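Input: a single structure, listed below in structure tokens.
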Amino acid sequence: MLREFGEDETLKLLSSFRCCRNPDVEDFLTQPSKAIRFEKTANARTYLVIDDATAKILGYFSVSFKELLLEDTVLSKSRIKQLDGISKNAERIRAFLIGQIGKNTGLEKNPVNLLKLLDEVYSVVSAAKALVGGRIIILECEDSPKLIELYERQGFTLIDLADDAESTLRTMYTHISE
């Protein structure tokens, strides 16, 4: 999109996105666009779900890579091996990261929901997996029971933290389908 429309037109489109539930999700697209900066530096790819009829952004997600450090987690050796695929003693696991995901709440009758956005994520990650491998997708979310439950209903599993771990975010994972 950046190459096709240029930065000014892209910024104009991105600035129309609203997410009243999570200012971080909105800011990623609208503030002198972090999304564009991440795109230019190849730190993440941002995908827009656009309404064909209105050309409005219905939702978006960004995907990147991250090493999941296991030192502050409470995971069994068998779970670590399941996540890593090789070693039960792994200290870090490479994963695809859903850095941002959100629906445009500024639109009335927006048909996009979390399931539709995740289907798009899985499509992108499956294509990347075919090229470079990979076993899991992670996301980090606020430590909110309601939010955690929402992602659990979509197949994500919460990674428990050690009692002394200090984090305001919680990490969840799901396996990439074959």
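If you're wondering about the labels, chains in the structure tokens are A, B, ... by order shown, residues count from 1 in each chain, ligands from 1 in order shown.
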Run DSSP on the backbone and tell me which residues of chain A come out as helix (DSSP H, G or I); list them as a PyMOL selection string. chain A and resi 2-14+23-30+34-40+77-84+114-132+145-153
Please dump the current selection as a compact mmCIF listing (two decimals), in the first residue's frame; keep C-alpha atoms.
# COMPACT_ATOMS: atom_id res chain seq x y z
CA LEU A 2 2.85 2.34 0.87
CA ARG A 3 4.46 1.75 -2.52
CA GLU A 4 1.17 1.90 -4.38
CA PHE A 5 -0.35 5.05 -2.82
CA GLY A 6 2.62 6.78 -1.19
CA GLU A 7 3.08 7.80 2.41
CA ASP A 8 0.69 10.80 2.45
CA GLU A 9 -2.29 8.89 1.04
CA THR A 10 -1.54 5.92 3.28
CA LEU A 11 -1.39 8.15 6.37
CA LYS A 12 -4.73 9.70 5.38
CA LEU A 13 -6.36 6.27 5.21
CA LEU A 14 -4.76 5.07 8.45
CA PRO A 23 -5.82 3.43 22.51
CA ASP A 24 -2.59 1.50 21.77
CA VAL A 25 -4.28 -0.32 18.89
CA GLU A 26 -5.55 2.98 17.48
CA ASP A 27 -2.26 4.82 18.02
CA PHE A 28 -0.27 2.16 16.17
CA LEU A 29 -2.01 3.16 12.94
CA THR A 30 -2.80 6.82 13.52
CA LYS A 34 4.22 3.49 13.96
CA ALA A 35 2.85 1.01 11.43
CA ILE A 36 4.61 2.83 8.60
CA ARG A 37 7.85 3.06 10.58
CA PHE A 38 7.71 -0.67 11.39
CA GLU A 39 7.00 -1.40 7.72
CA LYS A 40 9.89 0.73 6.46
CA LYS A 77 9.31 -29.74 30.63
CA SER A 78 6.83 -31.59 28.41
CA ARG A 79 5.04 -28.32 27.54
CA ILE A 80 8.39 -26.68 26.73
CA LYS A 81 9.27 -29.56 24.41
CA GLN A 82 5.83 -29.33 22.79
CA LEU A 83 6.34 -25.61 22.15
CA ASP A 84 9.97 -25.88 21.04
CA LEU A 114 -11.88 -11.24 16.20
CA LEU A 115 -12.48 -14.59 14.51
CA LYS A 116 -12.34 -13.01 11.03
CA LEU A 117 -9.17 -11.09 11.90
CA LEU A 118 -7.53 -14.23 13.31
CA ASP A 119 -8.44 -16.15 10.15
CA GLU A 120 -6.50 -13.51 8.20
CA VAL A 121 -3.58 -13.78 10.65
CA TYR A 122 -3.52 -17.58 10.26
CA SER A 123 -3.49 -17.26 6.49
CA VAL A 124 -0.47 -14.92 6.55
CA VAL A 125 1.39 -16.98 9.16
CA SER A 126 0.72 -20.25 7.32
CA ALA A 127 2.32 -18.79 4.18
CA ALA A 128 5.34 -17.66 6.22
CA LYS A 129 5.56 -21.04 7.94
CA ALA A 130 5.71 -22.76 4.55
CA LEU A 131 8.79 -20.66 3.74
CA VAL A 132 10.68 -20.50 7.04
CA PRO A 145 -9.62 -11.85 32.81
CA LYS A 146 -12.19 -10.78 30.20
CA LEU A 147 -9.54 -10.30 27.50
CA ILE A 148 -7.71 -13.51 28.39
CA GLU A 149 -10.99 -15.43 28.24
CA LEU A 150 -11.76 -13.90 24.83
CA TYR A 151 -8.47 -15.19 23.41
CA GLU A 152 -8.87 -18.56 25.14
CA ARG A 153 -12.21 -18.99 23.33
For Ala162 (chain A): contacts at 10 Å, only C-alpha atoms, fewer than 3 positions along chain excluded, given as a PyMOL selection string: chain A and resi 71-75+159+165-166
Output file for the selection above: C-alpha atoms, as an mmCIF file, in the first residue's frame:
data_model
loop_
_atom_site.group_PDB
_atom_site.id
_atom_site.type_symbol
_atom_site.label_atom_id
_atom_site.label_comp_id
_atom_site.auth_asym_id
_atom_site.auth_seq_id
_atom_site.Cartn_x
_atom_site.Cartn_y
_atom_site.Cartn_z
ATOM 1 C CA GLU A 71 12.831 -17.821 32.439
ATOM 2 C CA ASP A 72 9.869 -16.135 34.210
ATOM 3 C CA THR A 73 7.290 -18.724 33.177
ATOM 4 C CA VAL A 74 5.873 -21.761 34.900
ATOM 5 C CA LEU A 75 5.878 -24.393 32.162
ATOM 6 C CA ILE A 159 1.459 -18.916 29.807
ATOM 7 C CA ALA A 165 7.647 -12.130 37.673
ATOM 8 C CA GLU A 166 6.821 -8.476 37.113
#
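Rounded to one decimal, CA of Asn22 (chain A) and CA of Ser144 (chain A) lie 12.6 Å from each other.
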Which one is closest to Leu69 (chain A): A:Arg45, A:Arg94, A:Arg170, A:Arg135? Count only C-alpha atoms.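 Nearest candidate to Leu69 (chain A) out of A:Arg45, A:Arg94, A:Arg170, A:Arg135: A:Arg94.
Distance annotation: of A:Thr168, A:Gln100, A:Gln154, A:Ser177, the residue with the minimal separation from Gly133 (chain A) is A:Ser177; atom set is only C-alpha atoms.
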Shell of 7 Å around Ile57 (chain A), only C-alpha atoms, local chain residues under 3 positions omitted, as a PDB file with N, CA and C atoms, in the first residue's frame:
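As a result, result.pdb now contains:
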ATOM      1  N   PHE A  17      -8.853   5.291  11.267  1.00  0.00           N
ATOM      2  CA  PHE A  17      -9.094   4.123  12.120  1.00  0.00           C
ATOM      3  C   PHE A  17      -9.353   4.565  13.559  1.00  0.00           C
ATOM      4  N   LEU A  48      -4.142  -4.673   6.464  1.00  0.00           N
ATOM      5  CA  LEU A  48      -5.423  -3.997   6.625  1.00  0.00           C
ATOM      6  C   LEU A  48      -6.528  -4.850   6.027  1.00  0.00           C
ATOM      7  N   VAL A  49      -7.655  -4.903   6.724  1.00  0.00           N
ATOM      8  CA  VAL A  49      -8.862  -5.526   6.185  1.00  0.00           C
ATOM      9  C   VAL A  49      -9.750  -4.354   5.768  1.00  0.00           C
ATOM     10  N   ILE A  50      -9.946  -4.222   4.461  1.00  0.00           N
ATOM     11  CA  ILE A  50     -10.629  -3.049   3.916  1.00  0.00           C
ATOM     12  C   ILE A  50     -11.949  -3.458   3.274  1.00  0.00           C
ATOM     13  N   ASP A  51     -12.983  -2.660   3.527  1.00  0.00           N
ATOM     14  CA  ASP A  51     -14.292  -2.876   2.920  1.00  0.00           C
ATOM     15  C   ASP A  51     -14.200  -2.522   1.440  1.00  0.00           C
ATOM     16  N   ASN A 104     -12.059  -1.632  13.705  1.00  0.00           N
ATOM     17  CA  ASN A 104     -12.385  -0.209  13.631  1.00  0.00           C
ATOM     18  C   ASN A 104     -13.745   0.016  14.285  1.00  0.00           C
TER      19      ASN A 104
END
So which one's closest to Ala55 (chain A), A:Ile136, A:Leu107, A:Leu158, A:Ile176? Using only C-alpha atoms, please.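 Nearest candidate to Ala55 (chain A) out of A:Ile136, A:Leu107, A:Leu158, A:Ile176: A:Leu107.
Minimum atom-to-atom distance to Tyr47 (chain A), evaluated using only C-alpha atoms, belongs to A:Ile101 out of A:Phe65, A:Pro32, A:Cys19, A:Ile101.
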Atom-to-atom span, CA of Cys141 (chain A) and CA of Gly99 (chain A), Å: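 CA of Gly99 (chain A) lies 9.6 Å from CA of Cys141 (chain A).
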Neighbouring residues of Lys103 (chain A) were defined as those with any atom within 8 Å, considering only C-alpha atoms; residues of the same chain fewer than 2 positions away were excluded. Please report them as a VMD selection string. chain A and resid 18 to 19 58 to 60 101 105 112 to 114
Hey, can you check how far CA of Leu68 (chain A) sits from CA of Arg92 (chain A)?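 Computed distance, CA of Leu68 (chain A) to CA of Arg92 (chain A), equals 5.3 Å.
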Given only C-alpha atoms as the basis, pick out the residue of A:Lys88, A:Arg21, A:Lys66, A:Lys56 nearest to Ile137 (chain A). A:Lys66
Close residues, Ser167 (chain A) itself excluded, 10 Å, only C-alpha atoms, min 4 positions apart in chain, as a PyMOL selection string: chain A and resi 72+142-143+161+171
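Residue nearest Leu97 (chain A) within the list A:Thr157, A:Asn110, A:Val63, A:Asp52: A:Val63 [criterion: smallest interatomic distance, only C-alpha atoms].
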Just the strand (DSSP E or B) stuff from region 17-115 of chain A, please, per backbone DSSP, written as number ranges by chain. A: 45-50, 57-69, 73, 92-103
File of the preceding selection, N, CA and C atoms, as a short mmCIF file (atom, residue, chain, number, x, y, z; two decimals), in the first residue's frame:
data_model
loop_
_atom_site.label_atom_id
_atom_site.label_comp_id
_atom_site.auth_asym_id
_atom_site.auth_seq_id
_atom_site.Cartn_x
_atom_site.Cartn_y
_atom_site.Cartn_z
N ARG A 45 5.03 -6.43 9.70
CA ARG A 45 4.16 -6.19 8.55
C ARG A 45 2.75 -5.96 9.08
N THR A 46 2.12 -4.92 8.59
CA THR A 46 0.76 -4.60 9.01
C THR A 46 -0.18 -4.88 7.84
N TYR A 47 -1.25 -5.58 8.15
CA TYR A 47 -2.23 -5.98 7.14
C TYR A 47 -3.56 -5.31 7.46
N LEU A 48 -4.14 -4.67 6.46
CA LEU A 48 -5.42 -4.00 6.63
C LEU A 48 -6.53 -4.85 6.03
N VAL A 49 -7.66 -4.90 6.72
CA VAL A 49 -8.86 -5.53 6.18
C VAL A 49 -9.75 -4.35 5.77
N ILE A 50 -9.95 -4.22 4.46
CA ILE A 50 -10.63 -3.05 3.92
C ILE A 50 -11.95 -3.46 3.27
N ILE A 57 -11.18 1.10 6.43
CA ILE A 57 -10.49 0.04 7.17
C ILE A 57 -11.48 -0.57 8.16
N LEU A 58 -11.71 -1.87 8.04
CA LEU A 58 -12.58 -2.59 8.97
C LEU A 58 -11.79 -3.07 10.19
N GLY A 59 -10.55 -3.45 9.95
CA GLY A 59 -9.69 -3.93 11.02
C GLY A 59 -8.28 -4.08 10.50
N TYR A 60 -7.39 -4.46 11.38
CA TYR A 60 -6.00 -4.67 10.96
C TYR A 60 -5.29 -5.56 11.96
N PHE A 61 -4.13 -6.03 11.55
CA PHE A 61 -3.24 -6.76 12.46
C PHE A 61 -1.82 -6.57 11.98
N SER A 62 -0.89 -6.70 12.90
CA SER A 62 0.52 -6.66 12.53
C SER A 62 1.17 -7.95 12.99
N VAL A 63 2.12 -8.42 12.20
CA VAL A 63 2.80 -9.69 12.48
C VAL A 63 4.30 -9.45 12.45
N SER A 64 4.98 -10.08 13.38
CA SER A 64 6.43 -9.99 13.45
C SER A 64 6.95 -11.30 14.03
N PHE A 65 8.21 -11.30 14.44
CA PHE A 65 8.82 -12.44 15.11
C PHE A 65 9.20 -12.02 16.52
N LYS A 66 9.28 -12.97 17.41
CA LYS A 66 9.74 -12.68 18.76
C LYS A 66 10.31 -13.95 19.36
N GLU A 67 11.31 -13.77 20.20
CA GLU A 67 11.78 -14.89 20.99
C GLU A 67 11.04 -14.85 22.31
N LEU A 68 10.38 -15.94 22.60
CA LEU A 68 9.67 -16.07 23.86
C LEU A 68 10.66 -16.59 24.90
N LEU A 69 11.00 -15.73 25.87
CA LEU A 69 11.93 -16.13 26.93
C LEU A 69 11.15 -16.87 28.00
N THR A 73 8.54 -17.98 33.37
CA THR A 73 7.29 -18.72 33.18
C THR A 73 7.26 -19.98 34.04
N ARG A 92 14.39 -20.39 25.33
CA ARG A 92 13.70 -19.42 24.49
C ARG A 92 13.13 -20.15 23.28
N ILE A 93 12.02 -19.62 22.80
CA ILE A 93 11.34 -20.24 21.66
C ILE A 93 11.03 -19.13 20.66
N ARG A 94 11.37 -19.38 19.41
CA ARG A 94 11.03 -18.43 18.34
C ARG A 94 9.55 -18.59 18.00
N ALA A 95 8.89 -17.45 17.82
CA ALA A 95 7.46 -17.49 17.55
C ALA A 95 7.07 -16.35 16.62
N PHE A 96 5.97 -16.54 15.93
CA PHE A 96 5.34 -15.44 15.22
C PHE A 96 4.58 -14.64 16.27
N LEU A 97 4.65 -13.33 16.17
CA LEU A 97 4.00 -12.45 17.13
C LEU A 97 2.89 -11.66 16.45
N ILE A 98 1.70 -11.72 17.04
CA ILE A 98 0.65 -10.79 16.65
C ILE A 98 0.90 -9.56 17.51
N GLY A 99 1.52 -8.55 16.90
CA GLY A 99 1.91 -7.36 17.65
C GLY A 99 0.72 -6.47 17.96
N GLN A 100 -0.19 -6.36 17.03
CA GLN A 100 -1.41 -5.57 17.19
C GLN A 100 -2.52 -6.28 16.43
N ILE A 101 -3.72 -6.14 16.96
CA ILE A 101 -4.90 -6.66 16.25
C ILE A 101 -6.09 -5.83 16.73
N GLY A 102 -6.89 -5.35 15.79
CA GLY A 102 -8.00 -4.52 16.21
C GLY A 102 -9.04 -4.28 15.14
N LYS A 103 -10.23 -3.99 15.63
CA LYS A 103 -11.39 -3.70 14.79
C LYS A 103 -11.64 -2.19 14.82
#
